[in-house]
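Shown here: query-v4.txt, compact mmCIF, C-alpha atoms.
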# COMPACT_ATOMS: atom_id res chain seq x y z
CA MET A 27 41.89 44.18 -105.84
CA LYS A 28 43.24 41.48 -103.54
CA PRO A 29 40.76 39.49 -101.42
CA VAL A 30 42.79 40.36 -98.30
CA PHE A 31 42.22 44.06 -98.96
CA ARG A 32 38.51 43.56 -99.50
CA LEU A 33 38.19 41.51 -96.32
CA ALA A 34 40.09 44.15 -94.38
CA VAL A 35 37.80 46.90 -95.68
CA VAL A 36 34.66 44.92 -94.84
CA PHE A 37 36.03 44.22 -91.37
CA LEU A 38 36.99 47.85 -90.80
CA THR A 39 33.55 49.01 -91.96
CA LEU A 40 31.82 46.64 -89.54
CA ALA A 41 34.16 47.70 -86.75
CA VAL A 42 33.51 51.40 -87.40
CA CYS A 43 29.73 50.84 -87.50
CA GLY A 44 29.94 48.90 -84.25
CA ALA A 45 32.06 51.58 -82.63
CA VAL A 46 29.73 54.38 -83.79
CA PHE A 47 26.67 52.70 -82.29
CA PHE A 48 28.09 51.05 -79.20
CA VAL A 49 31.38 52.66 -78.18
CA VAL A 50 30.99 56.37 -78.89
CA PRO A 51 29.41 58.14 -75.91
CA PRO A 52 26.40 60.41 -76.57
CA ALA A 53 27.69 63.96 -76.96
CA GLU A 54 26.81 66.71 -74.56
CA GLY A 55 23.99 68.79 -76.02
CA LEU A 56 23.59 66.55 -79.06
CA GLY A 57 22.98 63.16 -77.47
CA ASN A 58 22.75 60.30 -79.90
CA LEU A 59 22.49 62.68 -82.86
CA VAL A 60 26.25 62.96 -82.85
CA ARG A 61 26.38 59.49 -84.41
CA ILE A 62 25.18 60.97 -87.70
CA ALA A 63 28.41 62.95 -87.84
CA PHE A 64 30.47 59.76 -88.13
CA PHE A 65 28.70 59.12 -91.38
CA HIS A 66 28.41 62.72 -92.53
CA ILE A 67 32.01 63.85 -92.06
CA PRO A 68 33.58 60.94 -94.00
CA MET A 69 31.07 61.44 -96.81
CA ALA A 70 31.82 65.18 -96.99
CA TRP A 71 35.55 64.45 -96.91
CA MET A 72 35.20 61.91 -99.71
CA SER A 73 33.15 64.22 -101.89
CA VAL A 74 35.94 66.78 -101.74
CA LEU A 75 38.71 64.20 -102.17
CA ALA A 76 36.95 62.59 -105.14
CA PHE A 77 36.58 66.05 -106.72
CA VAL A 78 40.29 66.82 -106.28
CA MET A 79 41.32 63.39 -107.59
CA SER A 80 39.01 63.72 -110.58
CA ALA A 81 40.65 67.04 -111.45
CA TRP A 82 44.09 65.53 -110.85
CA TRP A 83 43.45 62.73 -113.32
CA SER A 84 41.95 65.21 -115.77
CA ALA A 85 45.23 67.12 -115.70
CA ALA A 86 47.10 63.83 -116.07
CA TYR A 87 44.98 62.97 -119.10
CA LEU A 88 45.68 66.31 -120.80
CA ARG A 89 49.39 65.79 -120.21
CA ARG A 90 49.77 62.11 -121.11
CA ARG A 91 46.68 61.37 -123.24
CA ASP A 92 46.24 58.02 -121.55
CA MET A 93 42.64 56.77 -121.58
CA ARG A 94 43.18 55.14 -118.19
CA ASP A 95 43.47 58.59 -116.63
CA ASP A 96 40.21 59.60 -118.26
CA ALA A 97 38.52 56.48 -116.91
CA ARG A 98 39.82 57.20 -113.40
CA SER A 99 38.68 60.80 -113.58
CA CYS A 100 35.22 59.71 -114.69
CA VAL A 101 34.85 57.02 -112.03
CA SER A 102 36.12 59.36 -109.36
CA ALA A 103 33.47 61.91 -110.36
CA ARG A 104 30.74 59.28 -110.35
CA LEU A 105 31.74 58.14 -106.87
CA GLY A 106 32.08 61.74 -105.76
CA PHE A 107 28.56 62.46 -106.97
CA LEU A 108 27.25 59.61 -104.83
CA PHE A 109 29.29 60.76 -101.83
CA VAL A 110 28.18 64.37 -102.18
CA LEU A 111 24.51 63.33 -102.29
CA LEU A 112 24.96 61.20 -99.17
CA ALA A 113 26.84 64.00 -97.42
CA THR A 114 24.10 66.50 -98.32
CA ALA A 115 21.29 64.20 -97.20
CA SER A 116 22.96 63.28 -93.91
CA GLY A 117 23.87 66.92 -93.31
CA ALA A 118 20.31 68.06 -93.98
CA ILE A 119 18.92 65.47 -91.54
CA PHE A 120 21.43 66.54 -88.90
CA SER A 121 20.54 70.15 -89.56
CA LYS A 122 16.81 69.47 -89.20
CA LEU A 123 17.32 67.68 -85.91
CA THR A 124 19.70 70.22 -84.39
CA TRP A 125 18.93 73.62 -85.96
CA GLY A 126 15.33 72.96 -86.92
CA ALA A 127 15.46 73.22 -90.71
CA TYR A 128 16.64 70.90 -93.43
CA TRP A 129 18.02 73.69 -95.52
CA ASN A 130 18.87 77.33 -94.84
CA TRP A 131 21.65 78.17 -97.35
CA ASP A 132 24.31 78.06 -94.72
CA PRO A 133 27.68 78.73 -96.44
CA ARG A 134 28.63 75.08 -96.13
CA GLN A 135 25.33 74.00 -97.58
CA THR A 136 25.91 76.41 -100.44
CA THR A 137 29.40 74.99 -100.95
CA ILE A 138 28.21 71.42 -101.07
CA PHE A 139 25.35 72.42 -103.33
CA ILE A 140 27.81 73.99 -105.78
CA LEU A 141 29.79 70.77 -105.64
CA ILE A 142 26.62 68.85 -106.58
CA LEU A 143 26.06 71.25 -109.49
CA ILE A 144 29.63 70.83 -110.72
CA TYR A 145 29.54 67.04 -110.47
CA GLY A 146 26.17 67.02 -112.20
CA ALA A 147 27.41 69.30 -114.98
CA TYR A 148 30.55 67.20 -115.49
CA LEU A 149 28.59 63.96 -115.71
CA THR A 150 25.97 65.52 -118.01
CA LEU A 151 28.75 66.76 -120.28
CA ARG A 152 30.29 63.28 -120.39
CA ALA A 153 26.95 61.74 -121.21
CA SER A 154 26.37 64.10 -124.13
CA VAL A 155 29.68 63.81 -126.01
CA PRO A 156 29.61 60.57 -128.00
CA GLU A 157 33.20 60.22 -129.21
CA ALA A 158 35.52 58.75 -126.52
CA ARG A 159 38.75 60.74 -127.12
CA ARG A 160 36.90 63.99 -127.67
CA ARG A 161 34.86 63.36 -124.54
CA ALA A 162 38.03 62.76 -122.57
CA VAL A 163 39.54 66.13 -123.58
CA ILE A 164 36.31 68.09 -123.16
CA SER A 165 35.47 66.69 -119.75
CA ALA A 166 39.05 67.06 -118.52
CA VAL A 167 39.00 70.73 -119.50
CA TYR A 168 35.69 71.27 -117.73
CA SER A 169 36.88 69.45 -114.63
CA LEU A 170 39.91 71.75 -114.37
CA PHE A 171 37.87 74.85 -115.21
CA SER A 172 35.42 74.11 -112.42
CA CYS A 173 38.36 73.98 -109.99
CA LEU A 174 38.56 77.77 -110.39
CA THR A 175 35.57 78.04 -108.06
CA VAL A 176 37.55 76.53 -105.19
CA PRO A 177 39.23 79.75 -103.99
CA PHE A 178 35.80 81.41 -103.96
CA LEU A 179 34.24 78.59 -101.98
CA VAL A 180 37.07 78.58 -99.47
CA PHE A 181 37.82 82.28 -99.03
CA ILE A 182 34.90 84.44 -100.14
CA LEU A 183 31.69 82.52 -99.62
CA PRO A 184 32.16 81.95 -95.85
CA ARG A 185 32.36 85.74 -95.46
CA LEU A 186 29.13 86.44 -97.31
CA THR A 187 27.01 85.01 -94.50
CA PHE A 188 27.63 83.65 -91.05
CA SER A 189 27.59 79.93 -90.47
CA LEU A 190 25.98 77.65 -87.93
CA HIS A 191 28.08 74.75 -89.11
CA PRO A 192 30.72 73.67 -86.63
CA SER A 193 34.25 74.35 -87.82
CA PRO A 194 35.74 71.25 -89.39
CA LEU A 195 38.54 70.88 -86.82
CA LEU A 196 36.07 70.40 -84.01
CA GLY A 197 34.39 67.52 -85.77
CA GLY A 198 30.75 66.57 -85.47
CA SER A 199 30.28 67.44 -81.85
CA GLY A 200 30.50 71.14 -82.62
CA ARG A 201 30.71 73.28 -79.54
CA VAL A 202 31.49 70.23 -77.46
CA GLU A 203 35.14 69.35 -76.95
CA MET A 204 36.15 66.33 -78.99
CA ASP A 205 36.53 63.31 -76.80
CA PRO A 206 39.53 61.02 -77.58
CA VAL A 207 37.29 58.01 -78.25
CA MET A 208 35.25 60.04 -80.72
CA LEU A 209 38.37 61.32 -82.41
CA ALA A 210 39.73 57.79 -82.83
CA VAL A 211 36.44 56.50 -84.24
CA LEU A 212 36.20 59.49 -86.57
CA ALA A 213 39.74 58.86 -87.84
CA ALA A 214 38.85 55.20 -88.42
CA ALA A 215 35.66 56.21 -90.24
CA LEU A 216 37.60 58.61 -92.49
CA ALA A 217 40.19 55.93 -93.27
CA ASP A 218 37.43 53.44 -93.95
CA ALA A 219 35.62 55.77 -96.37
CA THR A 220 38.91 56.44 -98.18
CA LEU A 221 39.59 52.72 -98.53
CA ILE A 222 36.08 52.09 -99.85
CA TYR A 223 36.70 54.85 -102.39
CA ILE A 224 39.99 53.23 -103.48
CA TRP A 225 38.30 49.85 -103.77
CA LEU A 226 35.42 51.12 -105.91
CA LEU A 227 37.74 53.30 -107.97
CA ARG A 228 40.04 50.40 -108.86
CA ARG A 229 37.13 48.14 -109.64
CA ASP A 230 35.19 50.62 -111.77
CA SER A 231 37.99 52.31 -113.66
CA ALA A 232 39.08 48.98 -115.15
CA ALA A 233 35.50 48.50 -116.35
CA ALA A 234 35.19 52.10 -117.59
CA LYS A 235 38.36 51.79 -119.65
CA GLU A 236 37.07 48.61 -121.28
CA GLU A 237 33.85 50.46 -122.04
CA SER A 238 35.54 53.41 -123.74
CA LEU A 239 37.86 51.17 -125.76
CA HIS A 240 34.87 49.15 -126.81
CA GLU A 241 33.18 52.31 -128.09
CA GLU A 242 36.13 53.27 -130.26
CA MET B 20 18.81 86.46 -127.37
CA LEU B 21 17.19 89.88 -127.34
CA MET B 22 13.67 88.60 -127.95
CA PHE B 23 14.18 85.90 -125.35
CA SER B 24 15.17 88.44 -122.73
CA PHE B 25 12.19 90.65 -123.62
CA THR B 26 9.90 87.67 -123.33
CA SER B 27 11.23 86.70 -119.93
CA LEU B 28 11.07 90.33 -118.84
CA ALA B 29 7.45 90.52 -120.00
CA ALA B 30 6.65 87.26 -118.22
CA VAL B 31 8.06 88.55 -114.95
CA SER B 32 6.47 91.95 -115.33
CA MET B 33 3.02 90.56 -116.13
CA ALA B 34 3.23 87.97 -113.36
CA LEU B 35 4.05 90.69 -110.85
CA ALA B 36 1.11 92.75 -112.15
CA GLY B 37 2.47 96.05 -110.96
CA SER B 38 3.58 95.05 -107.48
CA VAL B 39 7.17 96.06 -106.77
CA PRO B 40 9.26 93.36 -105.12
CA GLY B 41 11.91 94.10 -102.49
CA PRO B 42 15.48 95.00 -103.46
CA ARG B 43 16.87 91.47 -103.02
CA LEU B 44 14.17 89.92 -105.18
CA LEU B 45 14.58 92.65 -107.81
CA ALA B 46 18.31 92.03 -108.00
CA ALA B 47 17.78 88.27 -108.19
CA LEU B 48 15.22 88.65 -111.02
CA LEU B 49 17.49 90.98 -112.97
CA TRP B 50 20.46 88.61 -112.83
CA VAL B 51 18.45 85.49 -113.51
CA ILE B 52 16.95 87.09 -116.63
CA LEU B 53 20.38 88.34 -117.74
CA PHE B 54 22.05 84.97 -117.20
CA PHE B 55 19.45 82.94 -119.04
CA ALA B 56 19.20 85.48 -121.84
CA ALA B 57 22.98 85.17 -122.22
CA THR B 58 22.79 81.38 -122.38
CA VAL B 59 20.35 81.54 -125.27
CA GLY B 60 22.75 83.19 -127.69
CA MET B 61 26.15 82.36 -126.30
CA ASP B 62 26.01 78.61 -126.75
CA ARG B 63 26.15 79.19 -130.48
CA ILE B 64 29.36 81.21 -130.71
CA PHE B 65 31.37 78.24 -131.93
CA LEU B 66 28.52 76.31 -133.52
CA ASP B 67 27.78 79.09 -136.00
CA GLU B 68 31.37 78.99 -137.19
CA ALA B 69 31.24 75.22 -137.49
CA ALA B 70 28.00 75.42 -139.47
CA ALA B 71 29.38 78.08 -141.81
CA GLY B 72 32.54 76.03 -142.30
CA THR B 73 34.80 78.88 -141.17
CA LEU B 74 36.01 77.06 -138.08
CA GLU B 75 38.71 75.19 -140.00
CA THR B 76 40.01 78.38 -141.61
CA LEU B 77 40.19 80.00 -138.22
CA ARG B 78 42.05 76.98 -136.90
CA LEU B 79 44.61 77.29 -139.69
CA TYR B 80 45.35 80.99 -139.38
CA ALA B 81 44.80 81.99 -135.78
CA PRO B 82 46.47 80.80 -132.58
CA ALA B 83 44.15 79.45 -129.88
CA THR B 84 44.59 82.39 -127.51
CA ALA B 85 43.71 84.90 -130.22
CA VAL B 86 40.57 82.96 -131.11
CA LEU B 87 39.50 82.72 -127.48
CA LEU B 88 40.13 86.39 -126.75
CA GLY B 89 38.32 87.42 -129.93
CA LYS B 90 35.33 85.27 -129.10
CA LEU B 91 35.40 86.53 -125.52
CA ALA B 92 35.45 90.16 -126.62
CA GLY B 93 32.60 89.46 -129.03
CA ALA B 94 30.54 87.78 -126.35
CA PHE B 95 31.26 90.60 -123.91
CA LEU B 96 30.16 93.27 -126.38
CA THR B 97 27.01 91.32 -127.21
CA LEU B 98 26.16 91.06 -123.53
CA VAL B 99 26.87 94.75 -122.97
CA VAL B 100 24.47 95.66 -125.78
CA LEU B 101 21.94 93.20 -124.41
CA SER B 102 22.10 94.71 -120.92
CA ALA B 103 22.01 98.26 -122.33
CA LEU B 104 18.63 97.40 -123.85
CA LEU B 105 17.34 95.12 -121.13
CA VAL B 106 18.26 96.93 -117.92
CA PRO B 107 16.45 100.24 -118.66
CA LEU B 108 13.34 98.28 -119.59
CA PHE B 109 13.71 96.25 -116.41
CA LEU B 110 13.86 99.43 -114.33
CA VAL B 111 10.81 100.85 -116.11
CA PHE B 112 8.58 97.79 -116.18
CA ILE B 113 9.53 95.93 -113.03
CA GLY B 114 10.91 98.62 -110.79
CA GLY B 115 13.94 99.53 -108.77
CA SER B 116 15.79 102.79 -108.64
CA VAL B 117 19.51 103.21 -108.54
CA GLY B 118 21.10 105.99 -106.52
CA ALA B 119 24.65 105.29 -107.69
CA PRO B 120 24.55 104.78 -111.45
CA PHE B 121 28.31 104.50 -111.79
CA LEU B 122 28.53 101.63 -109.30
CA PHE B 123 25.52 99.98 -110.89
CA LEU B 124 27.22 100.16 -114.26
CA SER B 125 30.43 98.64 -112.91
CA VAL B 126 28.56 95.74 -111.30
CA LEU B 127 26.75 95.08 -114.56
CA LEU B 128 29.97 95.20 -116.57
CA LEU B 129 31.89 92.98 -114.15
CA GLY B 130 29.06 90.46 -113.94
CA VAL B 131 28.59 90.34 -117.69
CA LEU B 132 32.35 90.01 -118.19
CA GLY B 133 32.35 86.95 -115.93
CA ILE B 134 29.52 85.38 -117.92
CA ALA B 135 31.38 86.12 -121.17
CA ALA B 136 34.71 84.73 -119.90
CA ALA B 137 33.28 81.49 -118.53
CA GLY B 138 30.71 81.18 -121.28
CA THR B 139 33.22 81.35 -124.12
CA LEU B 140 35.03 78.27 -122.82
CA THR B 141 31.87 76.34 -121.96
CA ALA B 142 30.42 77.20 -125.38
CA ALA B 143 33.52 75.66 -126.96
CA LEU B 144 33.01 72.56 -124.81
CA SER B 145 29.29 72.19 -125.42
CA ALA B 146 29.80 72.63 -129.17
CA TRP B 147 31.06 69.02 -129.23
CA ALA B 148 28.04 67.62 -127.45
CA GLU B 149 25.41 65.70 -129.32
CA VAL B 150 22.54 66.59 -127.03
CA ARG B 151 22.93 70.29 -126.48
CA ALA B 152 19.67 71.56 -125.05
CA GLY B 153 20.34 73.28 -121.75
CA LEU B 154 23.91 72.00 -121.56
CA PHE B 155 25.43 75.48 -121.80
CA ALA B 156 23.49 76.76 -118.80
CA ILE B 157 24.27 73.62 -116.80
CA LEU B 158 27.99 73.95 -117.48
CA THR B 159 28.25 77.71 -117.05
CA PHE B 160 26.18 78.32 -113.94
CA PRO B 161 28.38 76.57 -111.34
CA VAL B 162 31.48 78.23 -112.73
CA ILE B 163 30.11 81.79 -112.70
CA LEU B 164 28.51 81.56 -109.25
CA PRO B 165 31.51 83.38 -107.72
CA VAL B 166 30.60 86.37 -109.92
CA PHE B 167 26.86 85.83 -109.94
CA LEU B 168 26.30 85.77 -106.17
CA PRO B 169 28.29 88.94 -105.37
CA ALA B 170 26.63 90.64 -108.36
CA VAL B 171 23.19 89.89 -106.92
CA ALA B 172 24.33 91.01 -103.47
CA VAL B 173 25.72 94.33 -104.72
CA THR B 174 22.74 94.99 -106.98
CA ALA B 175 20.42 94.37 -104.04
CA GLU B 176 22.40 96.85 -101.94
CA LEU B 177 22.15 99.40 -104.74
CA PHE B 178 18.39 98.91 -105.13
CA ALA B 179 18.00 99.26 -101.38
CA GLY B 180 20.04 102.47 -101.44
CA GLU B 181 22.56 101.08 -98.97
CA THR B 182 26.30 101.68 -99.11
CA VAL B 183 27.98 99.10 -101.24
CA ASN B 184 30.71 96.85 -99.94
CA LEU B 185 33.47 97.59 -102.45
CA HIS B 186 35.26 94.35 -101.61
CA TYR B 187 32.63 92.56 -103.63
CA LEU B 188 33.52 94.56 -106.72
CA VAL B 189 37.23 93.87 -106.28
CA ALA B 190 36.50 90.17 -105.77
CA MET B 191 34.35 90.10 -108.91
CA GLY B 192 37.08 91.79 -110.94
CA LEU B 193 39.72 89.35 -109.70
CA TYR B 194 37.45 86.45 -110.41
CA ASP B 195 36.74 87.69 -113.93
CA LEU B 196 40.48 87.82 -114.48
CA LEU B 197 40.91 84.31 -113.10
CA LEU B 198 38.14 82.99 -115.36
CA GLY B 199 39.67 84.70 -118.39
CA VAL B 200 43.16 83.37 -117.72
CA GLY B 201 41.85 79.88 -116.88
CA ALA B 202 39.74 79.83 -120.03
CA SER B 203 42.62 80.89 -122.26
CA VAL B 204 44.98 78.28 -120.79
CA LEU B 205 42.44 75.46 -121.07
CA PHE B 206 41.19 76.56 -124.48
CA ASP B 207 44.48 75.39 -126.03
CA TYR B 208 43.47 71.78 -125.33
CA VAL B 209 39.98 72.20 -126.79
CA TRP B 210 41.27 73.98 -129.86
CA GLY B 211 44.22 71.66 -130.43
CA GLY B 212 41.92 68.66 -130.33
For the file at hand, write its structure as structure tokens.
Amino acid sequence: MKPVFRLAVVFLTLAVCGAVFFVVPPAEGLGNLVRIAFFHIPMAWMSVLAFVMSAWWSAAYLRRRDMRDDARSCVSARLGFLFVLLATASGAIFSKLTWGAYWNWDPRQTTIFILILIYGAYLTLRASVPEARRRAVISAVYSLFSCLTVPFLVFILPRLTFSLHPSPLLGGSGRVEMDPVMLAVLAAALADATLIYIWLLRRDSAAAKEESLHEE
Amino acid sequence: MLMFSFTSLAAVSMALAGSVPGPRLLAALLWVILFFAATVGMDRIFLDEAAAGTLETLRLYAPATAVLLGKLAGAFLTLVVLSALLVPLFLVFIGGSVGAPFLFLSVLLLGVLGIAAAGTLTAALSAWAEVRAGLFAILTFPVILPVFLPAVAVTAELFAGETVNLHYLVAMGLYDLLLGVGASVLFDYVWGG
């Protein structure tokens, strides 16, 4: 990854942090708590994106049998696992401070919990298959198989119980109308998280490919 | 598998010491026991073949889809027999009464079919793992949640004597189908190597 890119990402991250703490106005009804959302929403977005990309590269591996795709899928899942834990933790803190409980099996909490389970299962599976090529096939198949839960998570689960979670389009401020400054900062935070993901993905998948070739 | 489910049933029954839990808890206990009992036997459906050396023969003579569907049917039948023995004992020793036996039967069959469909593929995957303890349950549980959660919900409604939301049953059936189709498509890659 070019130094210019890295510098830009570092700068953007600092700028977003600065904006979240100093520029964004406290939200009506939530006050300063709304600042958590600028961390939580990008993390939740990244955990879903990393999941989709991991499955995408799994499919690419099964089609092309290129170990680089397997390495990317693996690294994407590892990053996604980290993102999903951060999203869950920040969400639980926000939930405690606004709704009064860390955890209440809200549909969105259930969804993210299932995502944790799937990431965990995928990584456990990878860790327990010793042979590199076999592991690549097996984990790619599981990654795609676990995608079958997506229609359930999107269409059925939200109907099982009612949700306190603000709808995603409204952003972190929930019932409050989204202010243009907040929207701009949120967009910057999302872009920043995506760039950090790309950075780490590029860096780690080169290393992961070396690793798997070394094992062979 | 059978002895395991009896043991877990006995553990639950003794721990409750005669007190009858509410419908939701009853339904949850029933499905948790069923799921874990299934994981005990199902993770071996490909390993046994590999150990007996018949896996290679099967690979030579049968196409992947046929092998998967055969294994799936076998797993389904095993689970049906398991629940036929387990569920009556559950109702006797732990409690719960069912007003609509036909609906109860369909929920059981649909739930067990989902476990069989997902479990056949995950058993094929976990057969390649070196460390296998618990892997099957870890892999299968997230994938069958879309069948598992509605199954618990419907069973709870049945135990409570409420009217059942039939949408759940339709959703479970569709999801079973999706799991079966997904498993048979993806099984080609596992089987082909």
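Proximity to Leu75 (chain A) was assessed for A:Leu123, A:Ser154, A:Leu88, A:Gly106 counting all atoms listed in the file; the smallest distance is recorded for A:Gly106.
The part of chain A that reaches within 7 Å of chain B is made up of A:Ile140, A:Leu143, A:Ile144, A:Ala147, A:Ser154, A:Val155, A:Pro156, A:Val163, A:Ile164, A:Val167, A:Phe171, A:Ser172, A:Thr175, A:Phe178, counting all atoms listed in the file.
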(request) List every protein, DNA or RNA residue that has an atom no more than 12 Å from (5.7, 90.3, -111.8) in the file's coordinate frame, counting only C-alpha atoms, and report them as number ranges by chain. (result) B: 27-41, 44-45, 48-49, 109, 112-114
(request) Could you jot down the CA of Asp230 (chain A) to CA of Gly117 (chain A) separation for me, Å, one decimal place? (result) 27.1 Å
(request) Name all residues at most 12 Å from Ala86 (chain A) (count all atoms listed in the file; drop same-chain ones fewer than 5 positions away) and give them as a PyMOL selection string. (result) chain A and resi 79-81+91-99+162-163+166-167+169-170
What would the file look like if the residues just selected were written as a PDB file, in the coordinates of the input with C-alpha atoms?
ATOM      1  CA  MET A  79      41.320  63.390-107.590  1.00  0.00           C
ATOM      2  CA  SER A  80      39.010  63.720-110.580  1.00  0.00           C
ATOM      3  CA  ALA A  81      40.650  67.040-111.450  1.00  0.00           C
ATOM      4  CA  ARG A  91      46.680  61.370-123.240  1.00  0.00           C
ATOM      5  CA  ASP A  92      46.240  58.020-121.550  1.00  0.00           C
ATOM      6  CA  MET A  93      42.640  56.770-121.580  1.00  0.00           C
ATOM      7  CA  ARG A  94      43.180  55.140-118.190  1.00  0.00           C
ATOM      8  CA  ASP A  95      43.470  58.590-116.630  1.00  0.00           C
ATOM      9  CA  ASP A  96      40.210  59.600-118.260  1.00  0.00           C
ATOM     10  CA  ALA A  97      38.520  56.480-116.910  1.00  0.00           C
ATOM     11  CA  ARG A  98      39.820  57.200-113.400  1.00  0.00           C
ATOM     12  CA  SER A  99      38.680  60.800-113.580  1.00  0.00           C
ATOM     13  CA  ALA A 162      38.030  62.760-122.570  1.00  0.00           C
ATOM     14  CA  VAL A 163      39.540  66.130-123.580  1.00  0.00           C
ATOM     15  CA  ALA A 166      39.050  67.060-118.520  1.00  0.00           C
ATOM     16  CA  VAL A 167      39.000  70.730-119.500  1.00  0.00           C
ATOM     17  CA  SER A 169      36.880  69.450-114.630  1.00  0.00           C
ATOM     18  CA  LEU A 170      39.910  71.750-114.370  1.00  0.00           C
TER      19      LEU A 170
END
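Point (18.3, 101.2, -107.3) has the following residues at most 9 Å away: Pro42, Leu110, Gly114, Gly115, Ser116, Val117, Gly118, Ala119, Pro120, Phe123, Thr174, Ala175, Glu176, Leu177, Phe178, Ala179 and Gly180 of chain B (atoms considered: only C-alpha atoms).
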(message) Could you tell me how far CA of Ile138 (chain A) sits from CA of Ala53 (chain A), in Å to one decimal place?
(response) 25.2 Å
(message) List the spatial neighbours of Leu188 (chain B) as a PyMOL selection string - criterion: any atom at most 10 Å away, only C-alpha atoms, same-chain residues fewer than 4 positions off excluded.
(response) chain B and resi 122+125-126+129-130+166+169-170+173+183-184+192-194
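As for CA of Asp218 (chain A) and CA of Cys43 (chain A), they are spaced 10.4 Å apart.
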(request) Find the spatial neighbours of region 213-215 of chain A, counting only C-alpha atoms, within a cut-off of 12 Å - ignore same-chain residues fewer than 3 positions away - and output them as JSON, numbers by chain. (result) {"A": [35, 37, 38, 39, 40, 41, 42, 43, 44, 45, 46, 61, 62, 63, 64, 65, 66, 67, 68, 69, 70, 71, 72, 197, 206, 207, 208, 209, 210, 218, 219, 220, 221, 222]}
(request) Within 9 Å of Arg104 (chain A), counting only C-alpha atoms, which residues show up once you throw out same-chain ones fewer than 5 positions away? Write them as a VMD selection string, please. (result) chain A and resid 76 99 109 145 149
